[in-house]
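Heads up, upload_22.pdb below (PDB, C-alpha atoms and all ligand atoms):
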ATOM      1  CA  MET K   1       0.000   0.000   0.000  1.00  0.00           C
ATOM      2  CA  ALA K   2       2.871   2.342   0.867  1.00  0.00           C
ATOM      3  CA  ASP K   3       4.356   1.613  -2.572  1.00  0.00           C
ATOM      4  CA  LEU K   4       1.079   2.614  -4.218  1.00  0.00           C
ATOM      5  CA  ASP K   5       0.890   5.849  -2.178  1.00  0.00           C
ATOM      6  CA  THR K   6       4.476   6.688  -3.086  1.00  0.00           C
ATOM      7  CA  PHE K   7       3.794   5.928  -6.740  1.00  0.00           C
ATOM      8  CA  LEU K   8       0.678   8.160  -6.752  1.00  0.00           C
ATOM      9  CA  ASP K   9       2.511  10.999  -4.960  1.00  0.00           C
ATOM     10  CA  GLU K  10       5.312  10.846  -7.505  1.00  0.00           C
ATOM     11  CA  LEU K  11       2.850  10.720 -10.387  1.00  0.00           C
ATOM     12  CA  GLN K  12       0.976  13.747  -9.032  1.00  0.00           C
ATOM     13  CA  SER K  13       4.219  15.607  -8.540  1.00  0.00           C
ATOM     14  CA  THR K  14       5.309  14.841 -12.119  1.00  0.00           C
ATOM     15  CA  LEU K  15       1.958  15.960 -13.509  1.00  0.00           C
ATOM     16  CA  ASN K  16       2.132  19.178 -11.480  1.00  0.00           C
ATOM     17  CA  GLU K  17       5.621  19.922 -12.761  1.00  0.00           C
ATOM     18  CA  GLN K  18       4.568  19.278 -16.368  1.00  0.00           C
ATOM     19  CA  THR K  19       1.517  21.516 -15.974  1.00  0.00           C
ATOM     20  CA  LYS K  20       3.602  24.271 -14.373  1.00  0.00           C
ATOM     21  CA  THR K  21       6.123  24.080 -17.201  1.00  0.00           C
ATOM     22  CA  ALA K  22       3.395  24.186 -19.862  1.00  0.00           C
ATOM     23  CA  TYR K  23       1.270  26.956 -18.345  1.00  0.00           C
ATOM     24  CA  GLY K  24       3.672  28.956 -16.176  1.00  0.00           C
ATOM     25  CA  GLU K  25       3.704  29.730 -12.459  1.00  0.00           C
ATOM     26  CA  GLU K  26       0.864  32.295 -12.391  1.00  0.00           C
ATOM     27  CA  ALA K  27      -1.571  30.109 -14.321  1.00  0.00           C
ATOM     28  CA  PHE K  28      -0.593  26.989 -12.362  1.00  0.00           C
ATOM     29  CA  ASP K  29      -1.154  28.615  -8.974  1.00  0.00           C
ATOM     30  CA  ARG K  30      -4.483  30.057 -10.105  1.00  0.00           C
ATOM     31  CA  TRP K  31      -5.573  26.707 -11.541  1.00  0.00           C
ATOM     32  CA  ARG K  32      -4.894  24.987  -8.189  1.00  0.00           C
ATOM     33  CA  ASN K  33      -7.151  27.406  -6.337  1.00  0.00           C
ATOM     34  CA  PRO K  34      -8.969  29.888  -8.604  1.00  0.00           C
ATOM     35  CA  PRO K  35      -9.965  33.060  -6.730  1.00  0.00           C
ATOM     36  CA  HIS K  36     -13.467  34.487  -7.278  1.00  0.00           C
ATOM     37  CA  ARG K  37     -15.088  31.148  -8.073  1.00  0.00           C
ATOM     38  CA  GLY K  38     -18.868  31.248  -7.785  1.00  0.00           C
ATOM     39  CA  ARG K  39     -21.610  33.832  -7.709  1.00  0.00           C
ATOM     40  CA  PRO K  40     -21.189  36.613  -5.140  1.00  0.00           C
ATOM     41  CA  SER K  41     -24.308  36.759  -2.963  1.00  0.00           C
ATOM     42  CA  ALA K  42     -24.996  40.398  -3.860  1.00  0.00           C
ATOM     43  CA  ALA K  43     -24.374  40.057  -7.616  1.00  0.00           C
ATOM     44  CA  ASN K  44     -26.853  42.180  -9.568  1.00  0.00           C
ATOM     45  CA  CYS K  45     -25.938  41.272 -13.143  1.00  0.00           C
ATOM     46  CA  GLN K  46     -24.329  38.481 -15.104  1.00  0.00           C
ATOM     47  CA  GLY K  47     -23.131  37.612 -18.561  1.00  0.00           C
ATOM     48  CA  SER K  48     -22.201  34.427 -20.375  1.00  0.00           C
ATOM     49  CA  SER K  49     -20.264  33.403 -23.405  1.00  0.00           C
ATOM     50  CA  THR K  50     -20.185  29.978 -25.084  1.00  0.00           C
ATOM     51  CA  GLY K  51     -17.339  28.989 -27.345  1.00  0.00           C
ATOM     52  CA  ASN K  52     -17.127  26.699 -30.351  1.00  0.00           C
ATOM     53  CA  CYS K  53     -15.793  24.147 -27.879  1.00  0.00           C
ATOM     54  CA  GLY K  54     -19.293  24.093 -26.335  1.00  0.00           C
ATOM     55  CA  ASP K  55     -18.118  25.413 -22.966  1.00  0.00           C
ATOM     56  CA  THR K  56     -19.693  28.391 -21.237  1.00  0.00           C
ATOM     57  CA  ILE K  57     -18.126  30.940 -18.894  1.00  0.00           C
ATOM     58  CA  THR K  58     -20.420  33.111 -16.804  1.00  0.00           C
ATOM     59  CA  ILE K  59     -19.271  36.263 -15.013  1.00  0.00           C
ATOM     60  CA  PHE K  60     -21.274  37.682 -12.113  1.00  0.00           C
ATOM     61  CA  LEU K  61     -20.880  41.292 -11.001  1.00  0.00           C
ATOM     62  CA  GLN K  62     -22.114  43.338  -8.099  1.00  0.00           C
ATOM     63  CA  ILE K  63     -22.168  46.889  -9.420  1.00  0.00           C
ATOM     64  CA  GLU K  64     -23.001  49.902  -7.305  1.00  0.00           C
ATOM     65  CA  ASP K  65     -22.623  53.500  -8.389  1.00  0.00           C
ATOM     66  CA  ASP K  66     -21.302  52.233 -11.736  1.00  0.00           C
ATOM     67  CA  THR K  67     -18.385  50.547  -9.969  1.00  0.00           C
ATOM     68  CA  VAL K  68     -17.715  46.804  -9.621  1.00  0.00           C
ATOM     69  CA  ARG K  69     -17.794  46.001  -5.901  1.00  0.00           C
ATOM     70  CA  ASP K  70     -17.599  42.213  -6.255  1.00  0.00           C
ATOM     71  CA  ALA K  71     -17.117  39.729  -9.061  1.00  0.00           C
ATOM     72  CA  GLY K  72     -17.190  35.984  -9.564  1.00  0.00           C
ATOM     73  CA  PHE K  73     -17.263  33.371 -12.297  1.00  0.00           C
ATOM     74  CA  HIS K  74     -18.552  29.928 -13.188  1.00  0.00           C
ATOM     75  CA  THR K  75     -17.490  27.679 -16.035  1.00  0.00           C
ATOM     76  CA  ASP K  76     -18.315  24.199 -17.213  1.00  0.00           C
ATOM     77  CA  GLY K  77     -15.164  24.207 -19.312  1.00  0.00           C
ATOM     78  CA  CYS K  78     -11.497  23.355 -19.149  1.00  0.00           C
ATOM     79  CA  GLY K  79      -8.790  24.390 -16.706  1.00  0.00           C
ATOM     80  CA  SER K  80      -7.902  27.357 -18.892  1.00  0.00           C
ATOM     81  CA  SER K  81     -11.493  28.557 -18.710  1.00  0.00           C
ATOM     82  CA  GLN K  82     -11.244  28.353 -14.908  1.00  0.00           C
ATOM     83  CA  ILE K  83      -8.182  30.545 -14.742  1.00  0.00           C
ATOM     84  CA  SER K  84      -9.475  32.897 -17.452  1.00  0.00           C
ATOM     85  CA  GLY K  85     -12.795  33.407 -15.662  1.00  0.00           C
ATOM     86  CA  SER K  86     -10.936  33.940 -12.425  1.00  0.00           C
ATOM     87  CA  MET K  87      -8.634  36.532 -13.995  1.00  0.00           C
ATOM     88  CA  ALA K  88     -11.475  38.364 -15.773  1.00  0.00           C
ATOM     89  CA  ALA K  89     -13.375  38.657 -12.477  1.00  0.00           C
ATOM     90  CA  GLU K  90     -10.255  39.881 -10.707  1.00  0.00           C
ATOM     91  CA  LEU K  91      -9.501  42.487 -13.374  1.00  0.00           C
ATOM     92  CA  ALA K  92     -13.084  43.803 -13.137  1.00  0.00           C
ATOM     93  CA  LEU K  93     -12.934  44.422  -9.381  1.00  0.00           C
ATOM     94  CA  GLY K  94     -12.956  48.104  -8.493  1.00  0.00           C
ATOM     95  CA  LYS K  95     -13.334  49.206 -12.129  1.00  0.00           C
ATOM     96  CA  ARG K  96     -15.988  51.579 -13.404  1.00  0.00           C
ATOM     97  CA  CYS K  97     -18.459  50.153 -15.948  1.00  0.00           C
ATOM     98  CA  GLU K  98     -17.094  52.297 -18.745  1.00  0.00           C
ATOM     99  CA  ASP K  99     -13.637  50.791 -18.214  1.00  0.00           C
ATOM    100  CA  LEU K 100     -14.760  47.146 -18.438  1.00  0.00           C
ATOM    101  CA  PRO K 101     -14.878  46.871 -22.264  1.00  0.00           C
ATOM    102  CA  ALA K 102     -11.133  47.605 -22.246  1.00  0.00           C
ATOM    103  CA  ILE K 103     -10.565  44.260 -20.482  1.00  0.00           C
ATOM    104  CA  THR K 104     -10.025  42.157 -23.601  1.00  0.00           C
ATOM    105  CA  GLY K 105      -9.132  38.547 -24.169  1.00  0.00           C
ATOM    106  CA  GLU K 106      -5.579  39.632 -24.900  1.00  0.00           C
ATOM    107  CA  ILE K 107      -5.340  41.326 -21.526  1.00  0.00           C
ATOM    108  CA  VAL K 108      -6.776  38.293 -19.702  1.00  0.00           C
ATOM    109  CA  ARG K 109      -4.337  35.999 -21.535  1.00  0.00           C
ATOM    110  CA  ASP K 110      -1.344  38.245 -20.929  1.00  0.00           C
ATOM    111  CA  ARG K 111      -2.111  38.714 -17.224  1.00  0.00           C
ATOM    112  CA  LEU K 112      -2.124  34.930 -16.926  1.00  0.00           C
ATOM    113  CA  GLY K 113       1.368  34.915 -18.362  1.00  0.00           C
ATOM    114  CA  GLY K 114       0.076  33.483 -21.645  1.00  0.00           C
ATOM    115  CA  LEU K 115      -1.895  30.366 -22.520  1.00  0.00           C
ATOM    116  CA  LEU K 116      -1.231  27.458 -24.836  1.00  0.00           C
ATOM    117  CA  LYS K 117      -2.302  28.317 -28.402  1.00  0.00           C
ATOM    118  CA  ASP K 118      -5.197  25.839 -28.256  1.00  0.00           C
ATOM    119  CA  ASP K 119      -6.483  27.427 -25.041  1.00  0.00           C
ATOM    120  CA  GLU K 120      -6.251  31.106 -25.944  1.00  0.00           C
ATOM    121  CA  HIS K 121      -9.924  31.259 -26.897  1.00  0.00           C
ATOM    122  CA  CYS K 122     -10.766  30.607 -23.230  1.00  0.00           C
ATOM    123  CA  ALA K 123      -9.402  34.071 -22.350  1.00  0.00           C
ATOM    124  CA  TRP K 124     -11.601  35.617 -25.057  1.00  0.00           C
ATOM    125  CA  LEU K 125     -14.627  33.717 -23.721  1.00  0.00           C
ATOM    126  CA  ALA K 126     -14.007  35.156 -20.261  1.00  0.00           C
ATOM    127  CA  ALA K 127     -13.663  38.704 -21.609  1.00  0.00           C
ATOM    128  CA  ASN K 128     -16.830  38.290 -23.701  1.00  0.00           C
ATOM    129  CA  ALA K 129     -18.730  37.049 -20.655  1.00  0.00           C
ATOM    130  CA  LEU K 130     -17.542  40.102 -18.732  1.00  0.00           C
ATOM    131  CA  HIS K 131     -18.705  42.434 -21.498  1.00  0.00           C
ATOM    132  CA  ASP K 132     -22.055  40.622 -21.589  1.00  0.00           C
ATOM    133  CA  ALA K 133     -22.416  41.171 -17.832  1.00  0.00           C
ATOM    134  CA  VAL K 134     -21.903  44.926 -18.275  1.00  0.00           C
ATOM    135  CA  GLY K 135     -24.572  44.894 -20.977  1.00  0.00           C
ATOM    136  CA  ASP K 136     -26.899  43.096 -18.580  1.00  0.00           C
ATOM    137  CA  TYR K 137     -26.236  45.750 -15.945  1.00  0.00           C
ATOM    138  CA  TYR K 138     -27.028  48.582 -18.363  1.00  0.00           C
ATOM    139  CA  LYS K 139     -30.220  46.805 -19.505  1.00  0.00           C
ATOM    140  CA  ARG K 140     -31.398  46.367 -15.918  1.00  0.00           C
ATOM    141  CA  THR K 141     -30.489  49.956 -15.027  1.00  0.00           C
ATOM    142  CA  LEU K 142     -32.275  51.333 -18.088  1.00  0.00           C
ATOM    143  CA  HIS K 143     -35.334  49.167 -17.426  1.00  0.00           C
ATOM    144  CA  HIS K 144     -35.371  50.312 -13.788  1.00  0.00           C
ATOM    145  CA  THR K 145     -35.027  53.983 -14.843  1.00  0.00           C
ATOM    146  CA  GLU K 146     -37.852  53.631 -17.388  1.00  0.00           C
ATOM    147  CA  GLN K 147     -40.173  52.204 -14.730  1.00  0.00           C
ATOM    148  CA  ALA K 148     -39.381  54.926 -12.173  1.00  0.00           C
TER     149      ALA K 148
HETATM  150 FE1  LIG K 201     -13.752  25.291 -23.924  1.00  0.00          FE
HETATM  151 FE2  LIG K 201     -11.498  26.141 -22.695  1.00  0.00          FE
HETATM  152  S1  LIG K 201     -13.481  26.937 -22.541  1.00  0.00           S
HETATM  153  S2  LIG K 201     -11.725  24.541 -24.182  1.00  0.00           S
END
Represent the structure from my file as structure tokens, please.
Ligand code: FES
Amino acid sequence: MADLDTFLDELQSTLNEQTKTAYGEEAFDRWRNPPHRGRPSAANCQGSSTGNCGDTITIFLQIEDDTVRDAGFHTDGCGSSQISGSMAAELALGKRCEDLPAITGEIVRDRLGGLLKDDEHCAWLAANALHDAVGDYYKRTLHHTEQA
């Protein structure tokens, strides 16, 4: 049994090292424990984006006074979608709504230290979901203003 445990520990360690080498330190650490996972309890808007891969990233925002007070994400996709959603939520925190469209897929990818070519679209999905969430906020705000 001890041999099996040792074998599994060594296998896990090898896989971790290979993943760290492929994705870089920043992405690896974020993948192990992605910050901002889930819907913040006071979120008041959300946006989603589905890629050709069939996976969807959703970004949740709590916006007050046109400023992002809290942000979170959900994805049913790959590890790169996890870290991209996490980074997009983090980049949105504290920003004003008008500054959110400037958070592009390129910025998400670059802040992660880059992604493998095949996974770059995950960063764009996260950015698109963020932009969709801002649109949702404006729609709700406009609707609320029209009813007042
Ligand atoms: Fe589908 Fe990453 S989100 S492969």
Starting from the displayed file, determine the output of the PyMOL selection byres (((chain K and resi 42-48) around 9) and not hetatm) and express the residue list as a PDB file with C-alpha atoms, in the coordinates of the input.
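Result written to out-v1.pdb:
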ATOM      1  CA  ARG K  39     -21.610  33.832  -7.709  1.00  0.00           C
ATOM      2  CA  PRO K  40     -21.189  36.613  -5.140  1.00  0.00           C
ATOM      3  CA  SER K  41     -24.308  36.759  -2.963  1.00  0.00           C
ATOM      4  CA  SER K  49     -20.264  33.403 -23.405  1.00  0.00           C
ATOM      5  CA  THR K  50     -20.185  29.978 -25.084  1.00  0.00           C
ATOM      6  CA  THR K  56     -19.693  28.391 -21.237  1.00  0.00           C
ATOM      7  CA  ILE K  57     -18.126  30.940 -18.894  1.00  0.00           C
ATOM      8  CA  THR K  58     -20.420  33.111 -16.804  1.00  0.00           C
ATOM      9  CA  ILE K  59     -19.271  36.263 -15.013  1.00  0.00           C
ATOM     10  CA  PHE K  60     -21.274  37.682 -12.113  1.00  0.00           C
ATOM     11  CA  LEU K  61     -20.880  41.292 -11.001  1.00  0.00           C
ATOM     12  CA  GLN K  62     -22.114  43.338  -8.099  1.00  0.00           C
ATOM     13  CA  ILE K  63     -22.168  46.889  -9.420  1.00  0.00           C
ATOM     14  CA  GLU K  64     -23.001  49.902  -7.305  1.00  0.00           C
ATOM     15  CA  ASP K  70     -17.599  42.213  -6.255  1.00  0.00           C
ATOM     16  CA  ALA K  71     -17.117  39.729  -9.061  1.00  0.00           C
ATOM     17  CA  GLY K  72     -17.190  35.984  -9.564  1.00  0.00           C
ATOM     18  CA  LEU K 125     -14.627  33.717 -23.721  1.00  0.00           C
ATOM     19  CA  ALA K 126     -14.007  35.156 -20.261  1.00  0.00           C
ATOM     20  CA  ASN K 128     -16.830  38.290 -23.701  1.00  0.00           C
ATOM     21  CA  ALA K 129     -18.730  37.049 -20.655  1.00  0.00           C
ATOM     22  CA  LEU K 130     -17.542  40.102 -18.732  1.00  0.00           C
ATOM     23  CA  HIS K 131     -18.705  42.434 -21.498  1.00  0.00           C
ATOM     24  CA  ASP K 132     -22.055  40.622 -21.589  1.00  0.00           C
ATOM     25  CA  ALA K 133     -22.416  41.171 -17.832  1.00  0.00           C
ATOM     26  CA  VAL K 134     -21.903  44.926 -18.275  1.00  0.00           C
ATOM     27  CA  GLY K 135     -24.572  44.894 -20.977  1.00  0.00           C
ATOM     28  CA  ASP K 136     -26.899  43.096 -18.580  1.00  0.00           C
ATOM     29  CA  TYR K 137     -26.236  45.750 -15.945  1.00  0.00           C
ATOM     30  CA  ARG K 140     -31.398  46.367 -15.918  1.00  0.00           C
TER      31      ARG K 140
END
Find the smallest box with edges along x, y and z containing every listed atom of ligand LIG 201 (chain K), then add 6 Å on each side and report centre and edge lengths in Å to one decimal, as AutoDock Vina command-line options.
--center_x -12.6 --center_y 25.7 --center_z -23.4 --size_x 14.3 --size_y 14.4 --size_z 13.6
Task: Best match for closeness to K:Ala27 among K:Leu142, K:Leu8, K:Cys122, K:Met87, counting only C-alpha atoms - done: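 Residue with the minimum atom-to-atom distance to K:Ala27: K:Met87.
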Task: Å distance separating atom CA of K:Gly24 from atom S1 of ligand LIG 201 (chain K), one decimal place - done: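 Atom-to-atom, atom CA of K:Gly24 to atom S1 of ligand LIG 201 (chain K), that is 18.4 Å.
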Which residues of chain K come within 8 Å of ligand LIG 201 (chain K), and for each one, what is the closest pair of atoms and their distance in Å to one decimal, counting all atoms listed in the file, sorted by chain and residue number, as a tab-separated table?
residue	atom	partner	partner_atom	distance
K:Thr50	CA	K:LIG201	S1	7.8
K:Gly51	CA	K:LIG201	FE1	6.2
K:Asn52	CA	K:LIG201	FE1	7.4
K:Cys53	CA	K:LIG201	FE1	4.6
K:Gly54	CA	K:LIG201	FE1	6.2
K:Asp55	CA	K:LIG201	FE1	4.5
K:Thr56	CA	K:LIG201	S1	6.5
K:Ile57	CA	K:LIG201	S1	7.1
K:Thr75	CA	K:LIG201	S1	7.7
K:Asp76	CA	K:LIG201	S1	7.7
K:Gly77	CA	K:LIG201	S1	4.6
K:Cys78	CA	K:LIG201	FE2	4.5
K:Gly79	CA	K:LIG201	FE2	6.8
K:Ser80	CA	K:LIG201	FE2	5.4
K:Ser81	CA	K:LIG201	S1	4.6
K:Asp118	CA	K:LIG201	S2	7.8
K:Asp119	CA	K:LIG201	FE2	5.7
K:Glu120	CA	K:LIG201	FE2	7.9
K:His121	CA	K:LIG201	FE2	6.8
K:Cys122	CA	K:LIG201	FE2	4.6
K:Leu125	CA	K:LIG201	S1	7.0
Could you please take those selected residues and save C-alpha atoms as a PDB file, in the coordinates of the input?
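Just written: out.pdb:
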ATOM      1  CA  THR K  50     -20.185  29.978 -25.084  1.00  0.00           C
ATOM      2  CA  GLY K  51     -17.339  28.989 -27.345  1.00  0.00           C
ATOM      3  CA  ASN K  52     -17.127  26.699 -30.351  1.00  0.00           C
ATOM      4  CA  CYS K  53     -15.793  24.147 -27.879  1.00  0.00           C
ATOM      5  CA  GLY K  54     -19.293  24.093 -26.335  1.00  0.00           C
ATOM      6  CA  ASP K  55     -18.118  25.413 -22.966  1.00  0.00           C
ATOM      7  CA  THR K  56     -19.693  28.391 -21.237  1.00  0.00           C
ATOM      8  CA  ILE K  57     -18.126  30.940 -18.894  1.00  0.00           C
ATOM      9  CA  THR K  75     -17.490  27.679 -16.035  1.00  0.00           C
ATOM     10  CA  ASP K  76     -18.315  24.199 -17.213  1.00  0.00           C
ATOM     11  CA  GLY K  77     -15.164  24.207 -19.312  1.00  0.00           C
ATOM     12  CA  CYS K  78     -11.497  23.355 -19.149  1.00  0.00           C
ATOM     13  CA  GLY K  79      -8.790  24.390 -16.706  1.00  0.00           C
ATOM     14  CA  SER K  80      -7.902  27.357 -18.892  1.00  0.00           C
ATOM     15  CA  SER K  81     -11.493  28.557 -18.710  1.00  0.00           C
ATOM     16  CA  ASP K 118      -5.197  25.839 -28.256  1.00  0.00           C
ATOM     17  CA  ASP K 119      -6.483  27.427 -25.041  1.00  0.00           C
ATOM     18  CA  GLU K 120      -6.251  31.106 -25.944  1.00  0.00           C
ATOM     19  CA  HIS K 121      -9.924  31.259 -26.897  1.00  0.00           C
ATOM     20  CA  CYS K 122     -10.766  30.607 -23.230  1.00  0.00           C
ATOM     21  CA  LEU K 125     -14.627  33.717 -23.721  1.00  0.00           C
TER      22      LEU K 125
END
Taking the block just given, write stretch 64-74 of chain K to a file that holds all heavy atoms, as a compact mmCIF listing (two decimals), in the first residue's frame.
# COMPACT_ATOMS: atom_id res chain seq x y z
N GLU K 64 -22.32 48.81 -8.02
CA GLU K 64 -23.00 49.90 -7.30
C GLU K 64 -22.33 51.20 -7.71
O GLU K 64 -21.09 51.26 -7.78
CB GLU K 64 -22.87 49.71 -5.79
CG GLU K 64 -23.71 48.55 -5.29
CD GLU K 64 -23.31 48.12 -3.89
OE1 GLU K 64 -22.56 48.85 -3.21
OE2 GLU K 64 -23.73 47.03 -3.49
N ASP K 65 -23.14 52.21 -7.96
CA ASP K 65 -22.62 53.50 -8.39
C ASP K 65 -21.67 53.35 -9.58
O ASP K 65 -20.61 53.96 -9.63
CB ASP K 65 -21.88 54.21 -7.24
CG ASP K 65 -22.80 54.45 -6.05
OD1 ASP K 65 -24.01 54.69 -6.27
OD2 ASP K 65 -22.31 54.35 -4.91
N ASP K 66 -22.08 52.48 -10.51
CA ASP K 66 -21.30 52.23 -11.74
C ASP K 66 -19.90 51.69 -11.48
O ASP K 66 -19.02 51.80 -12.33
CB ASP K 66 -21.21 53.51 -12.59
CG ASP K 66 -22.48 53.74 -13.39
OD1 ASP K 66 -23.27 52.77 -13.55
OD2 ASP K 66 -22.69 54.86 -13.86
N THR K 67 -19.69 51.11 -10.30
CA THR K 67 -18.38 50.55 -9.97
C THR K 67 -18.55 49.09 -9.52
O THR K 67 -19.48 48.77 -8.78
CB THR K 67 -17.71 51.35 -8.83
OG1 THR K 67 -17.58 52.71 -9.28
CG2 THR K 67 -16.35 50.82 -8.48
N VAL K 68 -17.65 48.23 -9.98
CA VAL K 68 -17.71 46.80 -9.62
C VAL K 68 -17.21 46.63 -8.19
O VAL K 68 -16.05 46.86 -7.88
CB VAL K 68 -16.86 45.95 -10.59
CG1 VAL K 68 -16.90 44.48 -10.17
CG2 VAL K 68 -17.35 46.12 -12.03
N ARG K 69 -18.14 46.22 -7.32
CA ARG K 69 -17.79 46.00 -5.90
C ARG K 69 -17.40 44.56 -5.62
O ARG K 69 -16.67 44.29 -4.68
CB ARG K 69 -18.98 46.38 -5.01
CG ARG K 69 -19.49 47.78 -5.22
CD ARG K 69 -18.50 48.83 -4.81
NE ARG K 69 -19.03 50.16 -5.02
CZ ARG K 69 -18.33 51.25 -5.01
NH1 ARG K 69 -17.03 51.19 -4.79
NH2 ARG K 69 -18.88 52.42 -5.24
N ASP K 70 -17.95 43.63 -6.43
CA ASP K 70 -17.60 42.21 -6.26
C ASP K 70 -17.78 41.52 -7.61
O ASP K 70 -18.54 41.99 -8.46
CB ASP K 70 -18.49 41.56 -5.18
CG ASP K 70 -17.82 40.34 -4.56
OD1 ASP K 70 -16.73 39.95 -5.01
OD2 ASP K 70 -18.41 39.77 -3.62
N ALA K 71 -17.06 40.45 -7.78
CA ALA K 71 -17.12 39.73 -9.06
C ALA K 71 -16.82 38.26 -8.83
O ALA K 71 -16.08 37.89 -7.91
CB ALA K 71 -16.10 40.32 -10.05
N GLY K 72 -17.44 37.42 -9.65
CA GLY K 72 -17.19 35.98 -9.56
C GLY K 72 -17.41 35.35 -10.92
O GLY K 72 -17.83 36.00 -11.87
N PHE K 73 -17.11 34.06 -11.01
CA PHE K 73 -17.26 33.37 -12.30
C PHE K 73 -17.70 31.94 -12.08
O PHE K 73 -17.55 31.37 -10.99
CB PHE K 73 -15.94 33.39 -13.08
CG PHE K 73 -14.96 32.35 -12.57
CD1 PHE K 73 -14.87 31.12 -13.18
CD2 PHE K 73 -14.18 32.61 -11.47
CE1 PHE K 73 -13.99 30.15 -12.70
CE2 PHE K 73 -13.30 31.65 -10.97
CZ PHE K 73 -13.21 30.42 -11.60
N HIS K 74 -18.26 31.36 -13.14
CA HIS K 74 -18.55 29.93 -13.19
C HIS K 74 -18.21 29.46 -14.59
O HIS K 74 -18.40 30.20 -15.56
CB HIS K 74 -20.03 29.64 -12.91
CG HIS K 74 -20.38 28.20 -13.16
ND1 HIS K 74 -20.09 27.20 -12.27
CD2 HIS K 74 -20.95 27.60 -14.23
CE1 HIS K 74 -20.47 26.05 -12.78
NE2 HIS K 74 -21.00 26.25 -13.96
